[in-house]
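For reference, my_file_30.txt (compact mmCIF, C-alpha atoms and all ligand atoms):
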# COMPACT_ATOMS: atom_id res chain seq x y z
CA MET A 1 26.48 18.67 -9.17
CA SER A 2 26.02 16.91 -12.53
CA LEU A 3 24.15 13.61 -12.96
CA PRO A 4 27.38 11.66 -13.69
CA GLU A 5 28.91 13.08 -10.50
CA GLN A 6 25.80 12.06 -8.49
CA GLN A 7 25.96 8.60 -10.03
CA SER A 8 29.59 8.11 -9.15
CA LEU A 9 29.07 9.37 -5.57
CA GLU A 10 26.10 7.07 -5.04
CA SER A 11 27.89 4.07 -6.51
CA ALA A 12 30.76 4.69 -4.07
CA TYR A 13 28.72 5.47 -0.94
CA VAL A 14 25.08 4.30 -1.29
CA MET A 15 24.08 0.63 -1.07
CA GLY A 16 23.08 -0.63 -4.48
CA THR A 17 19.63 -1.98 -3.64
CA PHE A 18 17.91 -0.04 -6.44
CA ALA A 19 18.75 0.08 -10.16
CA ARG A 20 18.08 3.79 -10.54
CA LYS A 21 16.95 5.47 -13.76
CA PRO A 22 19.43 8.00 -15.21
CA VAL A 23 17.63 11.14 -14.05
CA GLU A 24 17.95 13.45 -11.07
CA PHE A 25 14.70 15.09 -10.05
CA ALA A 26 15.05 18.52 -8.53
CA SER A 27 11.53 19.87 -8.09
CA GLY A 28 7.90 19.12 -8.78
CA ARG A 29 4.44 20.65 -8.89
CA GLY A 30 1.19 18.74 -9.31
CA MET A 31 1.56 15.98 -11.92
CA THR A 32 4.87 17.40 -13.12
CA LEU A 33 8.42 16.58 -12.08
CA VAL A 34 11.39 18.71 -13.17
CA ASP A 35 14.89 17.29 -13.50
CA ALA A 36 18.15 19.01 -12.61
CA GLU A 37 18.45 20.31 -16.18
CA GLY A 38 14.97 21.81 -16.19
CA ARG A 39 13.25 19.09 -18.30
CA GLU A 40 9.65 18.34 -17.35
CA TYR A 41 8.06 14.91 -16.91
CA LEU A 42 4.49 13.78 -16.29
CA ASP A 43 4.55 11.48 -13.29
CA PHE A 44 2.52 8.27 -13.52
CA LEU A 45 4.24 6.62 -10.55
CA SER A 46 3.93 9.28 -7.79
CA GLY A 47 6.83 7.93 -5.74
CA ILE A 48 5.26 4.41 -5.89
CA GLY A 49 1.76 5.56 -5.05
CA CYS A 50 2.64 8.05 -2.30
CA ASP A 51 2.30 11.56 -3.72
CA CYS A 52 -1.47 11.26 -3.91
CA LEU A 53 -2.10 15.01 -4.11
CA GLY A 54 0.72 15.47 -6.61
CA HIS A 55 4.05 17.12 -5.94
CA CYS A 56 4.27 19.85 -3.32
CA PRO A 57 0.51 20.47 -2.95
CA PRO A 58 -0.03 23.77 -1.10
CA ALA A 59 -2.17 22.15 1.64
CA LEU A 60 0.57 19.65 2.54
CA VAL A 61 3.45 22.09 2.19
CA GLY A 62 1.57 24.60 4.37
CA ALA A 63 0.82 22.00 7.06
CA LEU A 64 4.43 20.77 7.16
CA ASP A 65 5.80 24.28 7.13
CA ALA A 66 3.57 25.44 9.99
CA GLN A 67 4.25 22.30 12.05
CA ALA A 68 8.02 22.35 11.44
CA GLY A 69 8.14 25.87 12.81
CA ARG A 70 6.28 24.83 15.98
CA LEU A 71 7.41 21.33 16.96
CA ILE A 72 9.03 18.44 15.05
CA HIS A 73 9.39 15.55 17.47
CA VAL A 74 8.79 14.73 21.12
CA SER A 75 8.25 10.90 21.13
CA ASN A 76 5.18 8.84 21.89
CA TYR A 77 5.48 9.47 25.63
CA PHE A 78 3.44 12.65 25.19
CA TYR A 79 0.25 13.99 23.68
CA ILE A 80 0.59 16.15 20.58
CA GLU A 81 -1.72 18.01 18.22
CA HIS A 82 -3.38 16.14 15.28
CA ARG A 83 -2.72 12.48 16.31
CA GLY A 84 -6.16 11.90 17.81
CA GLU A 85 -7.91 13.78 14.99
CA VAL A 86 -6.16 11.72 12.31
CA ALA A 87 -6.98 8.45 14.11
CA ARG A 88 -10.64 9.50 14.37
CA HIS A 89 -10.69 10.43 10.69
CA LEU A 90 -9.20 7.04 9.78
CA SER A 91 -11.87 5.33 11.90
CA ASP A 92 -14.57 7.24 9.99
CA LEU A 93 -13.03 6.38 6.62
CA LEU A 94 -12.66 2.69 7.56
CA SER A 95 -16.29 2.57 8.68
CA ARG A 96 -17.62 4.00 5.41
CA TYR A 97 -19.60 1.46 3.34
CA ALA A 98 -19.65 -0.99 6.28
CA PRO A 99 -22.95 -2.63 7.18
CA GLU A 100 -24.46 -1.63 10.51
CA GLY A 101 -22.77 -3.42 13.39
CA GLU A 102 -19.45 -3.65 11.53
CA ASP A 103 -18.82 0.09 11.30
CA GLY A 104 -16.10 0.58 13.89
CA PRO A 105 -14.83 2.25 15.90
CA TRP A 106 -11.26 1.57 14.82
CA LYS A 107 -8.11 2.38 16.77
CA THR A 108 -4.78 3.20 15.13
CA PHE A 109 -1.09 2.62 15.82
CA PHE A 110 1.03 5.06 13.80
CA THR A 111 4.15 3.80 12.00
CA ASN A 112 6.67 5.12 9.47
CA SER A 113 6.21 2.64 6.63
CA GLY A 114 4.12 -0.15 5.13
CA ALA A 115 6.37 -2.92 6.43
CA GLU A 116 6.09 -1.56 9.97
CA SER A 117 2.32 -1.34 9.64
CA ASN A 118 2.25 -5.01 8.64
CA GLU A 119 4.59 -5.97 11.49
CA CYS A 120 2.12 -4.36 13.86
CA ALA A 121 -0.77 -6.25 12.23
CA LEU A 122 1.08 -9.57 12.53
CA LYS A 123 1.92 -8.99 16.19
CA LEU A 124 -1.69 -8.09 16.87
CA ALA A 125 -2.88 -11.31 15.19
CA ARG A 126 -0.55 -13.40 17.36
CA LEU A 127 -1.59 -11.55 20.50
CA HIS A 128 -5.27 -12.01 19.63
CA ALA A 129 -4.73 -15.76 19.16
CA ARG A 130 -2.75 -16.02 22.40
CA ARG A 131 -5.38 -14.22 24.47
CA ARG A 132 -8.14 -16.41 23.00
CA ALA A 133 -6.17 -19.59 23.67
CA GLN A 134 -5.40 -18.47 27.22
CA ALA A 135 -9.03 -17.60 27.87
CA GLU A 136 -10.06 -21.07 26.74
CA GLY A 137 -7.18 -23.24 28.02
CA GLY A 138 -5.20 -21.36 30.68
CA PRO A 139 -1.98 -19.34 30.69
CA ASP A 140 0.42 -21.91 29.19
CA VAL A 141 -1.71 -23.37 26.40
CA PRO A 142 -0.04 -23.05 22.95
CA ALA A 143 -1.69 -20.52 20.62
CA PRO A 144 -2.16 -20.74 16.86
CA TYR A 145 0.38 -18.56 15.08
CA HIS A 146 0.26 -19.32 11.34
CA VAL A 147 -0.75 -16.59 8.92
CA VAL A 148 -2.19 -17.47 5.52
CA THR A 149 -0.94 -15.28 2.68
CA VAL A 150 -1.69 -15.27 -1.04
CA ASP A 151 0.70 -16.24 -3.85
CA ALA A 152 2.43 -13.25 -5.49
CA SER A 153 1.61 -11.00 -2.52
CA PHE A 154 3.97 -8.29 -1.30
CA HIS A 155 4.01 -7.18 2.33
CA GLY A 156 7.41 -5.55 2.90
CA ARG A 157 11.14 -6.04 3.39
CA THR A 158 11.57 -6.72 7.10
CA MET A 159 12.25 -10.42 7.78
CA MET A 160 8.71 -11.06 9.03
CA THR A 161 6.93 -9.19 6.22
CA LEU A 162 9.30 -10.78 3.71
CA ALA A 163 8.27 -14.20 5.02
CA ALA A 164 4.65 -13.09 4.59
CA THR A 165 5.46 -12.11 1.00
CA ALA A 166 4.57 -15.29 -0.88
CA GLN A 167 7.23 -14.97 -3.59
CA ALA A 168 10.13 -17.42 -3.30
CA LYS A 169 12.49 -15.15 -5.28
CA PHE A 170 12.59 -12.70 -2.34
CA HIS A 171 13.44 -15.45 0.19
CA VAL A 172 16.22 -17.37 -1.52
CA ASP A 173 19.29 -15.50 -0.31
CA PHE A 174 17.96 -14.72 3.15
CA ALA A 175 16.88 -18.14 4.40
CA PRO A 176 15.89 -19.31 6.88
CA MET A 177 12.75 -17.20 6.85
CA PRO A 178 10.75 -16.71 10.07
CA ASP A 179 8.36 -19.61 10.53
CA GLY A 180 4.57 -19.36 10.51
CA PHE A 181 3.29 -18.58 7.02
CA LEU A 182 1.12 -20.72 4.73
CA ASP A 183 0.55 -19.74 1.09
CA VAL A 184 -2.55 -20.21 -0.96
CA PRO A 185 -2.95 -19.70 -4.74
CA ARG A 186 -4.55 -16.39 -5.69
CA ASN A 187 -8.35 -16.51 -5.90
CA ASP A 188 -8.51 -20.28 -5.32
CA VAL A 189 -11.44 -20.64 -2.92
CA ALA A 190 -11.20 -24.45 -2.84
CA ALA A 191 -7.50 -24.26 -1.89
CA LEU A 192 -8.27 -21.78 0.88
CA GLU A 193 -11.00 -24.03 2.23
CA ALA A 194 -8.69 -27.05 2.06
CA LEU A 195 -5.97 -25.12 3.91
CA PHE A 196 -8.37 -24.23 6.72
CA ALA A 197 -9.69 -27.81 6.80
CA ALA A 198 -6.12 -29.13 7.23
CA HIS A 199 -4.61 -26.39 9.42
CA GLY A 200 -7.56 -24.39 10.86
CA PRO A 201 -6.55 -24.75 14.54
CA GLU A 202 -3.01 -23.50 13.72
CA ILE A 203 -4.13 -20.35 11.87
CA CYS A 204 -4.30 -16.96 13.60
CA ALA A 205 -4.91 -14.76 10.54
CA VAL A 206 -5.25 -14.37 6.80
CA MET A 207 -3.31 -11.43 5.40
CA LEU A 208 -3.97 -10.20 1.86
CA GLU A 209 -4.02 -7.23 -0.50
CA CYS A 210 -7.49 -6.81 -2.03
CA VAL A 211 -5.66 -5.48 -5.07
CA GLN A 212 -2.15 -6.92 -5.27
CA GLY A 213 0.23 -4.14 -6.28
CA GLU A 214 3.82 -5.28 -6.68
CA SER A 215 2.84 -8.38 -8.64
CA GLY A 216 1.42 -6.12 -11.38
CA VAL A 217 -2.02 -4.98 -10.10
CA HIS A 218 -4.20 -8.03 -9.61
CA PRO A 219 -7.55 -7.51 -7.86
CA LEU A 220 -8.67 -10.51 -5.81
CA THR A 221 -12.14 -11.87 -6.59
CA PRO A 222 -15.14 -11.04 -4.36
CA GLU A 223 -15.65 -14.81 -3.91
CA PHE A 224 -12.13 -15.33 -2.60
CA LEU A 225 -12.40 -12.36 -0.24
CA ALA A 226 -15.80 -13.51 1.01
CA ALA A 227 -14.33 -16.97 1.68
CA ALA A 228 -11.37 -15.45 3.55
CA ARG A 229 -13.80 -13.42 5.68
CA ARG A 230 -16.06 -16.42 6.37
CA LEU A 231 -13.25 -18.88 7.18
CA THR A 232 -11.38 -16.51 9.49
CA ARG A 233 -14.62 -15.83 11.39
CA GLU A 234 -15.42 -19.54 11.68
CA HIS A 235 -11.95 -20.25 13.09
CA GLY A 236 -11.65 -17.23 15.38
CA ALA A 237 -8.78 -15.90 13.25
CA LEU A 238 -8.29 -12.30 12.06
CA LEU A 239 -8.61 -10.97 8.53
CA ILE A 240 -5.85 -8.46 7.83
CA CYS A 241 -6.12 -6.26 4.73
CA ASP A 242 -2.79 -4.84 3.61
CA GLU A 243 -3.97 -1.51 2.19
CA VAL A 244 -0.48 -0.05 1.96
CA GLN A 245 -0.78 0.35 -1.80
CA CYS A 246 -4.51 0.05 -2.54
CA GLY A 247 -5.69 2.18 0.41
CA ILE A 248 -6.13 5.95 0.90
CA PHE A 249 -8.47 6.66 -2.06
CA ARG A 250 -6.14 4.96 -4.59
CA THR A 251 -8.92 2.71 -5.89
CA GLY A 252 -11.68 5.36 -5.81
CA ARG A 253 -12.82 4.49 -2.31
CA PRO A 254 -11.03 5.27 0.94
CA PHE A 255 -9.92 1.62 1.16
CA GLY A 256 -9.72 -1.19 -1.39
CA PHE A 257 -11.73 -3.67 0.71
CA GLN A 258 -14.72 -1.32 0.41
CA HIS A 259 -15.29 -2.49 -3.18
CA PHE A 260 -15.77 -6.10 -2.13
CA GLY A 261 -18.47 -6.16 0.55
CA ILE A 262 -16.16 -7.33 3.33
CA VAL A 263 -14.94 -5.64 6.51
CA PRO A 264 -11.58 -6.88 7.85
CA ASP A 265 -10.44 -6.86 11.48
CA VAL A 266 -7.09 -5.17 10.88
CA VAL A 267 -5.98 -2.77 8.14
CA SER A 268 -2.40 -1.71 7.42
CA MET A 269 -1.65 1.41 5.41
CA ALA A 270 1.18 3.80 4.48
CA LYS A 271 2.19 5.26 1.08
CA GLY A 272 -0.49 7.92 0.35
CA ILE A 273 -1.49 8.53 3.97
CA ALA A 274 0.70 11.62 4.31
CA GLY A 275 1.08 12.49 0.62
CA GLY A 276 4.74 11.43 0.37
CA PHE A 277 5.86 12.33 3.87
CA PRO A 278 6.99 9.01 5.45
CA ALA A 279 4.12 7.72 7.55
CA GLY A 280 2.02 4.61 8.01
CA ALA A 281 -0.66 3.19 10.25
CA CYS A 282 -2.13 -0.06 11.45
CA ALA A 283 -5.79 0.19 12.42
CA ALA A 284 -7.84 -2.51 14.11
CA ARG A 285 -11.40 -2.86 15.29
CA ALA A 286 -11.44 -1.50 18.84
CA GLU A 287 -11.92 -4.87 20.58
CA VAL A 288 -8.82 -6.24 18.79
CA ALA A 289 -6.79 -3.03 19.15
CA ASP A 290 -7.50 -2.96 22.89
CA LEU A 291 -5.46 -6.16 23.35
CA PHE A 292 -2.29 -4.05 23.10
CA ALA A 293 -1.21 -2.80 26.52
CA PRO A 294 1.54 -0.22 27.14
CA GLY A 295 4.87 -1.81 26.24
CA ASP A 296 3.49 -4.45 23.87
CA HIS A 297 4.47 -2.46 20.80
CA GLY A 298 6.20 0.83 20.07
CA THR A 299 8.12 3.14 17.78
CA THR A 300 10.31 6.20 18.24
CA PHE A 301 9.22 8.16 15.19
CA GLY A 302 5.80 6.73 14.28
CA GLY A 303 3.02 9.30 14.58
CA SER A 304 5.48 12.17 15.01
CA CYS A 305 4.31 15.78 14.98
CA LEU A 306 5.22 16.27 11.32
CA ALA A 307 3.75 12.94 10.19
CA VAL A 308 0.34 13.49 11.76
CA ALA A 309 0.20 17.13 10.62
CA ALA A 310 0.88 15.92 7.07
CA ALA A 311 -1.64 13.06 7.33
CA GLN A 312 -4.33 15.40 8.61
CA ALA A 313 -3.83 17.83 5.71
CA VAL A 314 -3.83 15.02 3.12
CA LEU A 315 -6.83 13.11 4.48
CA ASP A 316 -8.88 16.31 4.84
CA GLU A 317 -8.13 17.29 1.26
CA LEU A 318 -8.83 13.81 -0.15
CA ASP A 319 -12.07 13.45 1.77
CA ALA A 320 -13.43 16.92 1.00
CA GLY A 321 -12.17 17.16 -2.57
CA GLY A 322 -14.47 14.72 -4.38
CA TYR A 323 -11.63 12.25 -4.93
CA GLU A 324 -13.76 9.09 -4.80
CA GLN A 325 -15.61 10.11 -7.94
CA ARG A 326 -12.68 11.76 -9.67
CA VAL A 327 -10.36 8.75 -9.16
CA ALA A 328 -13.03 6.29 -10.32
CA GLU A 329 -13.73 8.33 -13.48
CA VAL A 330 -10.15 9.05 -14.54
CA GLY A 331 -9.12 5.49 -13.65
CA ALA A 332 -11.83 4.04 -15.88
CA TYR A 333 -10.74 6.39 -18.66
CA LEU A 334 -7.08 5.32 -18.27
CA ARG A 335 -8.03 1.63 -18.48
CA GLU A 336 -10.25 2.24 -21.51
CA ARG A 337 -7.54 4.17 -23.39
CA LEU A 338 -4.86 1.59 -22.54
CA ALA A 339 -7.06 -1.30 -23.64
CA ALA A 340 -7.48 0.34 -27.06
CA LEU A 341 -3.70 0.43 -27.66
CA PRO A 342 -2.20 -2.17 -29.99
CA ARG A 343 -0.01 -4.86 -28.30
CA VAL A 344 -1.48 -4.04 -24.87
CA HIS A 345 -3.69 -6.60 -23.22
CA ASP A 346 -5.22 -7.64 -19.91
CA VAL A 347 -5.66 -4.08 -18.63
CA ARG A 348 -6.76 -4.38 -15.01
CA GLY A 349 -7.13 -2.51 -11.75
CA LEU A 350 -9.38 -0.26 -9.75
CA GLY A 351 -9.39 3.54 -9.74
CA LEU A 352 -5.91 4.90 -10.35
CA MET A 353 -4.17 1.62 -9.57
CA VAL A 354 -3.80 0.12 -13.04
CA GLY A 355 -1.68 -2.61 -14.61
CA CYS A 356 -1.44 -4.08 -18.09
CA ASP A 357 0.59 -6.65 -19.98
CA LEU A 358 2.49 -6.10 -23.20
CA ALA A 359 2.31 -8.58 -26.08
CA GLU A 360 5.35 -10.71 -26.89
CA ASP A 361 6.05 -8.69 -30.06
CA ALA A 362 6.03 -5.37 -28.17
CA PRO A 363 9.16 -3.95 -26.53
CA SER A 364 9.69 -5.26 -22.98
CA ALA A 365 8.16 -3.34 -20.08
CA PRO A 366 11.57 -2.02 -18.88
CA GLU A 367 12.29 -0.86 -22.46
CA VAL A 368 8.94 0.95 -22.54
CA VAL A 369 9.72 2.60 -19.19
CA SER A 370 13.10 3.84 -20.50
CA ALA A 371 11.63 5.09 -23.79
CA ALA A 372 8.83 6.84 -21.89
CA LEU A 373 11.32 8.55 -19.60
CA GLU A 374 13.13 9.93 -22.65
CA ARG A 375 9.80 11.34 -23.85
CA GLY A 376 9.06 12.91 -20.45
CA PHE A 377 6.84 10.30 -18.73
CA VAL A 378 7.62 8.51 -15.46
CA LEU A 379 6.28 4.94 -15.58
CA ASN A 380 7.00 1.67 -13.81
CA ALA A 381 7.46 -1.97 -14.82
CA THR A 382 6.66 -4.69 -12.28
CA GLY A 383 7.85 -7.50 -14.54
CA PRO A 384 9.35 -8.14 -17.96
CA ARG A 385 6.00 -7.62 -19.73
CA THR A 386 3.95 -5.76 -17.11
CA LEU A 387 3.46 -2.02 -16.68
CA ARG A 388 1.94 -0.44 -13.57
CA PHE A 389 0.40 3.03 -13.35
CA LEU A 390 0.03 4.77 -9.96
CA PRO A 391 -0.34 8.45 -10.86
CA PRO A 392 -1.14 11.13 -8.30
CA LEU A 393 -4.88 11.13 -7.63
CA ILE A 394 -5.09 14.62 -9.17
CA CYS A 395 -4.46 13.02 -12.59
CA GLU A 396 -6.86 14.30 -15.26
CA ARG A 397 -8.06 13.01 -18.63
CA ALA A 398 -5.68 15.35 -20.47
CA HIS A 399 -2.71 13.73 -18.68
CA VAL A 400 -4.01 10.30 -19.68
CA ASP A 401 -4.33 11.48 -23.31
CA ALA A 402 -0.71 12.66 -23.32
CA LEU A 403 0.47 9.35 -21.82
CA VAL A 404 -1.48 7.21 -24.26
CA GLU A 405 -0.17 9.18 -27.22
CA ALA A 406 3.40 8.59 -26.05
CA LEU A 407 2.74 4.89 -25.36
CA ALA A 408 1.18 4.42 -28.79
CA ALA A 409 4.38 5.69 -30.38
CA ILE A 410 6.59 3.50 -28.15
CA VAL A 411 4.63 0.25 -28.19
C1 LIG B 501 1.00 -3.95 -0.40
C2 LIG B 501 2.28 -3.48 0.22
N1 LIG B 501 2.54 -3.79 1.49
C3 LIG B 501 3.67 -3.38 2.09
C4 LIG B 501 4.62 -2.64 1.40
C5 LIG B 501 5.86 -2.20 2.10
O1 LIG B 501 5.81 -0.82 2.32
P1 LIG B 501 7.11 0.01 2.72
O2 LIG B 501 8.01 -0.03 1.53
O3 LIG B 501 6.60 1.38 3.03
O4 LIG B 501 7.70 -0.68 3.90
C6 LIG B 501 4.38 -2.31 0.07
C7 LIG B 501 5.38 -1.55 -0.70
O5 LIG B 501 5.34 -1.42 -1.88
C8 LIG B 501 3.17 -2.74 -0.54
O6 LIG B 501 2.90 -2.44 -1.82

How does this structure look as structure tokens?
Amino acid sequence: MSLPEQQSLESAYVMGTFARKPVEFASGRGMTLVDAEGREYLDFLSGIGCDCLGHCPPALVGALDAQAGRLIHVSNYFYIEHRGEVARHLSDLLSRYAPEGEDGPWKTFFTNSGAESNECALKLARLHARRRAQAEGGPDVPAPYHVVTVDASFHGRTMMTLAATAQAKFHVDFAPMPDGFLDVPRNDVAALEALFAAHGPEICAVMLECVQGESGVHPLTPEFLAAARRLTREHGALLICDEVQCGIFRTGRPFGFQHFGIVPDVVSMAKGIAGGFPAGACAARAEVADLFAPGDHGTTFGGSCLAVAAAQAVLDELDAGGYEQRVAEVGAYLRERLAALPRVHDVRGLGLMVGCDLAEDAPSAPEVVSAALERGFVLNATGPRTLRFLPPLICERAHVDALVEALAAIV
């Protein structure tokens, strides 16, 4: 079927929640995508940070193929292969770089997406606050339930995670939002302290992305993160790190928080965890995780046979393949090359999670994305003047060179 035919079918039968680019991708291998007419593209978006081993990596394809031929789904009522191994591997990865005494173990609830992982984290924070309040004041005492989030954050599209997303533009048409969220300006330690001074007894958690993704790649400062860790501890609240975008080796460490000298209580993840197969997870330190009893939370598909087989293949490959070093090196090279381009400024990020702003006299970011697509590069704009780069973690210097050459011509 031709692209115009696909476009007319989708406009008739698919909800128009995405303004799609005029290309139909048909296959891919490594960093390369191939469209329905056989044209090749270098992919610097990787399905919004999911295809961390590139397209159709043999380890992932082999694991899915083998698992699909054995068993696809049986529900969470039963034990299956891989689930326990993946949860143990996540616990090991979460414990890496942690000081003694804060190094786990962690327990995981498997989900299908980032929003679901955050929903799980938010429920856990409320349950934790309720159990603490009950232990101190009896069964009917009210529990704190407010969650502090950071301006320009993004936590998902369910009603609860949308309310956690501190960006008014996402709320306007869907009001009223679920109650219970307090926003604080990004990296403003004094404002965070003032919020806790005014509302401390009402707060059950702080939820944040150590590197904000959807707002255009903005790392939080170590001071702000240290304050969030200190204040949550002082008030018996939880620190939740949303690692949906910055987790799973994206920043050159298994998790983004590991660059900042903090250890959270709860970590949500998704995107890269199964290399593009839909999967997510919410992990919590064991004493928090153990608050969930059978029936408190659930999912039909989360942690299915295929999802955990895929996650095991991807995590094994990332962990054994030297990706921490490789991602750090190529990421630094990408930032250096971008910063040397004319009309490009404020290049920022960690590892292969990179953003930059375009000068006022440059084409707009959406125009750059369209021009790049015509030249065979898949990019992403998060705002009118902001580009974001989330290539597969197999990205090499030569790919960066090709990208920068194309950008130089466009910008
Ligand atoms: C930091 C963060 N949290 C949550 C989400 C929501 O993830 P999903 O789209 O898988 O529900 C995203 C998606 O981009 C994200 O970047």

(request) Collect all residues with atoms no farther than 9 Å from ligand LIG 501 (chain B), counting all atoms listed in the file, and output them as JSON, numbers by chain. (result) {"A": [48, 49, 112, 113, 114, 115, 116, 117, 118, 153, 154, 155, 156, 157, 158, 161, 165, 208, 209, 211, 212, 213, 214, 242, 243, 244, 245, 246, 268, 269, 270, 271, 278, 279, 280]}

(message) One decimal, in Å: what's the spacing between atom CA of A:Ala191 and atom CA of A:His218?
(response) 18.3 Å

Cut-off 10 Å: closest stretch 271-358 of chain A/stretch 127-149 of chain A atom pairs per residue, using all atoms listed in the file, as a tab-separated table:
residue	atom	partner	partner_atom	distance
A:Glu287	CA	A:His128	CA	9.8
A:Val288	CA	A:His128	CA	6.8
A:Ala289	CA	A:His128	CA	9.1
A:Asp290	CA	A:His128	CA	9.9
A:Leu291	CA	A:His128	CA	6.9
A:Phe292	CA	A:Leu127	CA	8.0
A:Asp296	CA	A:Leu127	CA	9.4

(message) as a PyMOL selection string, please: the residues near A:Arg337 (cut-off 10 Å, all atoms listed in the file, same-chain neighbours under 4 positions excluded).
(response) chain A and resi 331-333+341+347+400-401+403-405

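Take atom CA of A:Met159 and atom CA of A:Ala237: the distance between them is 22.4 Å.
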
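Counting from atom CA of A:Phe301, the distance to atom CA of A:His89 is 20.5 Å.
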
Report as a Markdown table the residues of stretch 267-353 of chain A within 12 Å of stretch 220-229 of chain A, each with its shortest atom pair and distance in Å (one decimal), using only C-alpha atoms, ordered by chain and increasing residue number.
| residue | atom | partner | partner_atom | distance |
| --- | --- | --- | --- | --- |
| A:Arg348 | CA | A:Leu220 | CA | 11.2 |
| A:Gly349 | CA | A:Leu220 | CA | 10.1 |
| A:Leu350 | CA | A:Leu220 | CA | 11.0 |
